[in-house]
>>> print(open('work_13.pdb').read())   # PDB, C-alpha atoms
ATOM      1  CA  MET R 137     111.050 157.203 106.767
ATOM      2  CA  GLU R 138     108.882 159.197 109.104
ATOM      3  CA  SER R 139     109.883 162.779 109.774
ATOM      4  CA  VAL R 140     109.775 164.437 113.167
ATOM      5  CA  GLU R 141     106.432 166.066 112.335
ATOM      6  CA  GLN R 142     104.883 162.707 111.394
ATOM      7  CA  LYS R 143     106.110 161.060 114.591
ATOM      8  CA  MET R 144     104.743 163.882 116.727
ATOM      9  CA  SER R 145     101.007 164.367 116.936
ATOM     10  CA  ARG R 146      99.629 167.667 115.727
ATOM     11  CA  ARG R 147      98.444 168.614 119.215
ATOM     12  CA  VAL R 148     101.867 168.032 120.792
ATOM     13  CA  TYR R 149     103.466 169.956 117.927
ATOM     14  CA  ILE R 150     101.216 172.983 118.557
ATOM     15  CA  PHE R 151     101.661 172.805 122.345
ATOM     16  CA  ARG R 152     105.430 172.796 121.977
ATOM     17  CA  TRP R 153     105.297 175.955 119.863
ATOM     18  CA  VAL R 154     103.000 177.591 122.404
ATOM     19  CA  ALA R 155     105.336 176.567 125.240
ATOM     20  CA  VAL R 156     108.514 178.041 123.715
ATOM     21  CA  LEU R 157     108.426 181.482 125.340
ATOM     22  CA  PRO R 158     106.814 180.514 128.679
ATOM     23  CA  GLY R 159     109.115 177.500 128.988
ATOM     24  CA  ALA R 160     112.213 179.562 128.187
ATOM     25  CA  LEU R 161     111.252 182.198 130.751
ATOM     26  CA  LEU R 162     110.495 179.544 133.365
ATOM     27  CA  CYS R 163     113.902 177.950 132.778
ATOM     28  CA  ALA R 164     115.560 181.361 133.115
ATOM     29  CA  PHE R 165     113.741 181.890 136.402
ATOM     30  CA  LEU R 166     114.765 178.455 137.662
ATOM     31  CA  VAL R 167     118.439 179.027 136.836
ATOM     32  CA  LEU R 168     118.525 182.027 139.189
ATOM     33  CA  PHE R 169     118.459 179.714 142.225
ATOM     34  CA  PRO R 170     121.595 177.695 141.380
ATOM     35  CA  ILE R 171     123.415 180.925 140.541
ATOM     36  CA  HIS R 172     122.563 182.229 144.003
ATOM     37  CA  TRP R 173     123.718 178.994 145.633
ATOM     38  CA  ILE R 174     126.987 179.043 143.693
ATOM     39  CA  VAL R 175     127.622 182.639 144.781
ATOM     40  CA  LEU R 176     127.047 181.634 148.396
ATOM     41  CA  LEU R 177     129.396 178.668 147.959
ATOM     42  CA  ILE R 178     132.063 180.929 146.438
ATOM     43  CA  GLN R 179     131.704 183.324 149.359
ATOM     44  CA  TYR R 180     132.053 180.462 151.804
ATOM     45  CA  LEU R 181     135.041 178.845 150.066
ATOM     46  CA  GLY R 182     136.779 182.171 149.498
ATOM     47  CA  THR R 183     136.638 183.191 153.129
ATOM     48  CA  SER R 184     137.076 179.841 154.855
ATOM     49  CA  SER R 185     140.224 179.331 156.880
ATOM     50  CA  ASP R 186     140.270 175.561 157.112
ATOM     51  CA  ASP R 187     143.108 173.322 155.966
ATOM     52  CA  SER R 188     141.833 173.047 152.395
ATOM     53  CA  GLY R 189     143.588 176.269 151.407
ATOM     54  CA  SER R 190     140.486 177.576 149.658
ATOM     55  CA  GLY R 191     140.649 180.817 151.620
ATOM     56  CA  SER R 192     144.245 181.472 150.654
ATOM     57  CA  ALA R 193     145.414 184.001 148.115
ATOM     58  CA  LEU R 194     146.301 181.132 145.755
ATOM     59  CA  SER R 195     142.652 180.108 145.390
ATOM     60  CA  VAL R 196     140.371 181.493 142.674
ATOM     61  CA  TYR R 197     137.566 181.522 145.246
ATOM     62  CA  TYR R 198     139.550 184.036 147.268
ATOM     63  CA  TYR R 199     139.462 186.559 144.416
ATOM     64  CA  LEU R 200     135.843 185.901 143.500
ATOM     65  CA  ALA R 201     134.840 186.222 147.160
ATOM     66  CA  ALA R 202     136.489 189.661 147.206
ATOM     67  CA  LEU R 203     133.611 190.891 145.034
ATOM     68  CA  PRO R 204     130.401 191.715 146.868
ATOM     69  CA  PRO R 205     128.017 188.747 146.558
ATOM     70  CA  GLU R 206     125.271 190.833 144.935
ATOM     71  CA  VAL R 207     127.669 191.964 142.189
ATOM     72  CA  LEU R 208     128.842 188.398 141.562
ATOM     73  CA  GLN R 209     125.239 187.217 141.381
ATOM     74  CA  TYR R 210     124.331 190.143 139.121
ATOM     75  CA  PHE R 211     127.110 189.185 136.688
ATOM     76  CA  GLY R 212     126.085 185.521 136.766
ATOM     77  CA  ASN R 213     122.494 186.459 136.011
ATOM     78  CA  ALA R 214     123.623 188.763 133.193
ATOM     79  CA  PHE R 215     125.336 185.879 131.385
ATOM     80  CA  PHE R 216     123.160 182.886 132.196
ATOM     81  CA  THR R 217     119.700 184.437 131.800
ATOM     82  CA  PRO R 218     119.950 185.159 128.035
ATOM     83  CA  PHE R 219     121.911 181.931 127.546
ATOM     84  CA  VAL R 220     119.202 179.824 129.189
ATOM     85  CA  VAL R 221     116.319 181.679 127.510
ATOM     86  CA  ILE R 222     117.735 181.051 124.039
ATOM     87  CA  THR R 223     118.948 177.508 124.699
ATOM     88  CA  ALA R 224     115.771 176.336 126.424
ATOM     89  CA  GLY R 225     113.489 178.012 123.887
ATOM     90  CA  ALA R 226     115.377 176.440 120.999
ATOM     91  CA  ASN R 227     115.244 173.003 122.605
ATOM     92  CA  ILE R 228     111.524 173.284 123.340
ATOM     93  CA  ALA R 229     110.726 174.269 119.734
ATOM     94  CA  PRO R 230     109.790 171.200 117.712
ATOM     95  CA  LYS R 231     111.288 172.565 114.496
ATOM     96  CA  PHE R 232     113.349 175.541 113.302
ATOM     97  CA  LYS R 233     115.436 175.595 116.467
ATOM     98  CA  PHE R 234     118.079 178.070 115.292
ATOM     99  CA  PRO R 235     115.546 180.580 113.885
ATOM    100  CA  THR R 236     113.670 180.258 117.183
ATOM    101  CA  GLY R 237     116.893 181.097 119.018
ATOM    102  CA  ILE R 238     117.375 184.117 116.768
ATOM    103  CA  ALA R 239     113.802 185.262 117.445
ATOM    104  CA  LEU R 240     114.357 184.936 121.192
ATOM    105  CA  ALA R 241     117.637 186.857 120.886
ATOM    106  CA  ILE R 242     115.787 189.637 119.050
ATOM    107  CA  ALA R 243     113.112 189.671 121.770
ATOM    108  CA  LEU R 244     115.829 189.957 124.406
ATOM    109  CA  GLY R 245     117.392 192.763 122.355
ATOM    110  CA  VAL R 246     114.089 194.650 122.442
ATOM    111  CA  VAL R 247     113.845 194.209 126.223
ATOM    112  CA  TYR R 248     117.449 195.323 126.638
ATOM    113  CA  GLY R 249     116.742 198.297 124.367
ATOM    114  CA  VAL R 250     113.918 199.446 126.627
ATOM    115  CA  VAL R 251     116.176 199.065 129.651
ATOM    116  CA  ALA R 252     118.918 200.982 127.813
ATOM    117  CA  THR R 253     116.620 203.974 127.271
ATOM    118  CA  ILE R 254     115.921 204.062 131.014
ATOM    119  CA  ILE R 255     119.643 203.838 131.770
ATOM    120  CA  VAL R 256     120.454 206.637 129.313
ATOM    121  CA  GLY R 257     117.972 208.836 131.169
ATOM    122  CA  GLU R 258     119.646 207.996 134.458
ATOM    123  CA  ILE R 259     123.101 208.724 133.026
ATOM    124  CA  SER R 260     121.952 212.087 131.695
ATOM    125  CA  ASN R 261     120.593 212.912 135.154
ATOM    126  CA  GLY R 262     124.024 212.178 136.645
ATOM    127  CA  LEU R 263     122.957 209.092 138.587
ATOM    128  CA  TYR R 264     125.819 206.934 137.325
ATOM    129  CA  THR R 265     129.207 206.919 139.005
ATOM    130  CA  PRO R 266     132.319 205.566 137.248
ATOM    131  CA  GLU R 267     131.958 202.343 139.264
ATOM    132  CA  ARG R 268     128.367 201.935 138.085
ATOM    133  CA  LEU R 269     129.403 202.625 134.484
ATOM    134  CA  LEU R 270     132.073 199.913 134.713
ATOM    135  CA  ARG R 271     129.522 197.512 136.120
ATOM    136  CA  LEU R 272     127.144 198.423 133.287
ATOM    137  CA  GLY R 273     129.856 197.794 130.700
ATOM    138  CA  ILE R 274     130.693 194.393 132.167
ATOM    139  CA  THR R 275     126.992 193.537 132.273
ATOM    140  CA  VAL R 276     126.492 194.432 128.605
ATOM    141  CA  PHE R 277     129.552 192.357 127.686
ATOM    142  CA  LEU R 278     128.228 189.368 129.654
ATOM    143  CA  CYS R 279     124.730 189.701 128.131
ATOM    144  CA  VAL R 280     126.168 189.717 124.611
ATOM    145  CA  GLY R 281     128.306 186.712 125.519
ATOM    146  CA  GLY R 282     125.258 184.890 126.902
ATOM    147  CA  ILE R 283     123.286 185.608 123.741
ATOM    148  CA  ALA R 284     126.154 184.408 121.536
ATOM    149  CA  ALA R 285     126.605 181.227 123.580
ATOM    150  CA  GLY R 286     122.845 180.607 123.508
ATOM    151  CA  LEU R 287     122.737 180.999 119.735
ATOM    152  CA  PHE R 288     125.667 178.606 119.437
ATOM    153  CA  GLN R 289     123.741 176.025 121.472
ATOM    154  CA  ALA R 290     120.577 176.645 119.417
ATOM    155  CA  ARG R 291     122.514 175.977 116.227
ATOM    156  CA  LYS R 292     123.931 172.829 117.770
ATOM    157  CA  ALA R 293     120.411 171.671 118.738
ATOM    158  CA  GLU R 294     119.188 172.271 115.185
ATOM    159  CA  ARG R 295     122.036 170.250 113.723
ATOM    160  CA  GLN R 296     121.271 167.393 116.103
ATOM    161  CA  ALA R 297     117.582 167.529 115.155
ATOM    162  CA  ILE R 298     118.460 167.416 111.453
ATOM    163  CA  THR R 299     120.806 164.491 112.036
ATOM    164  CA  GLN R 300     118.126 162.591 113.958
ATOM    165  CA  ALA R 301     115.542 163.303 111.261
ATOM    166  CA  LEU R 302     117.836 161.815 108.643
ATOM    167  CA  LEU R 303     118.381 158.607 110.617
TER     168      LEU R 303
END
>>> encode(input="work_13.pdb", output="C-alpha cells")
Amino acid sequence: MESVEQKMSRRVYIFRWVAVLPGALLCAFLVLFPIHWIVLLIQYLGTSSDDSGSGSALSVYYYLAALPPEVLQYFGNAFFTPFVVITAGANIAPKFKFPTGIALAIALGVVYGVVATIIVGEISNGLYTPERLLRLGITVFLCVGGIAAGLFQARKAERQAITQALL
C-alpha cells in the first residue's frame, strides 16, 4: 500500500505546506464577498412588500433586516473568517490537518490578542458606549464559535485523510 506521502511528489508536498497560510488567508478574503451579497439579499427580502410575505413580521428576514447592514456583515465576518481560515488551511495541508488547524487557531488568537490590547486602550479612554460593548461581546462570541467550528472541520478532515490512507 502506498501512503499519501508516497503518492504525492516531494515538490507538491512542500508546495502544499508553503501554501497553507496564504491559501487560508485568500479563502478568508474570498468568503467576504458572498457574506456581503447575503447581507444585501437579507436586506432586500426583509424590506420587500411583494406577495411572497418575506417583508412581513412573520419572516426571519424581517428581523435580520432590522439590523443595520454593516452590523450584520460585521457579525458574519466575525464568524466565517476564522472558520474559513482554519478549515481551508487544514484542507490545504497535506498531512497533520488537525494540528495545522490548531496552529492556525493559535495564530488567530495572537492576532485577536493584539486587537484586544488596542480595544482595551480605547475602553480605558472612554471611547466605548454600552452599544459598542454589546457588539464587541457578540463579536468575541462569534469569533470563538468560528474557531471551534473550524477546528471541528479540521478534525473531520484529518479523520477522512486517515481513512483514505488506510484504504
>>> residues_near_point(input="work_13.pdb", point="(125.0, 176.5, 137.6)", cutoff="12 Å", atoms="all atoms listed in the file", output="list in words")
Ala164, Leu166, Val167, Leu168, Phe169, Pro170, Ile171, His172, Trp173, Ile174, Val175, Leu177, Gln209, Gly212, Asn213, Phe215, Phe216, Thr217, Phe219 and Val220 of chain R
>>> residues_near_point(input="work_13.pdb", point="(126.9, 190.9, 123.7)", cutoff="12 Å", atoms="only C-alpha atoms", output="compact mmCIF listing (two decimals) with C-alpha atoms, in the coordinates of the input")
# COMPACT_ATOMS: atom_id res chain seq x y z
CA ALA R 214 123.62 188.76 133.19
CA PHE R 215 125.34 185.88 131.38
CA PRO R 218 119.95 185.16 128.04
CA PHE R 219 121.91 181.93 127.55
CA ALA R 241 117.64 186.86 120.89
CA LEU R 244 115.83 189.96 124.41
CA GLY R 245 117.39 192.76 122.36
CA TYR R 248 117.45 195.32 126.64
CA GLY R 273 129.86 197.79 130.70
CA ILE R 274 130.69 194.39 132.17
CA THR R 275 126.99 193.54 132.27
CA VAL R 276 126.49 194.43 128.60
CA PHE R 277 129.55 192.36 127.69
CA LEU R 278 128.23 189.37 129.65
CA CYS R 279 124.73 189.70 128.13
CA VAL R 280 126.17 189.72 124.61
CA GLY R 281 128.31 186.71 125.52
CA GLY R 282 125.26 184.89 126.90
CA ILE R 283 123.29 185.61 123.74
CA ALA R 284 126.15 184.41 121.54
CA ALA R 285 126.60 181.23 123.58
CA GLY R 286 122.84 180.61 123.51
CA LEU R 287 122.74 181.00 119.74
>>> atom_distance(input="work_13.pdb", atom1="CA of Ile228 in chain R", atom2="CA of Leu302 in chain R")
19.7 Å
>>> closest_atom_pairs(input="work_13.pdb", of="range 196-280 of chain R", to="range 144-149 of chain R", cutoff="10 Å", atoms="all atoms listed in the file", output="CSV")
residue,atom,partner,partner_atom,distance
R:Ala229,CA,R:Tyr149,CA,8.6
R:Pro230,CA,R:Tyr149,CA,6.4
R:Lys231,CA,R:Tyr149,CA,8.9
>>> closest_residue(input="work_13.pdb", among="R:Pro266, R:Gly257, R:Gly237, R:Pro205", to="Ile222 in chain R", atoms="all atoms listed in the file")
R:Gly237
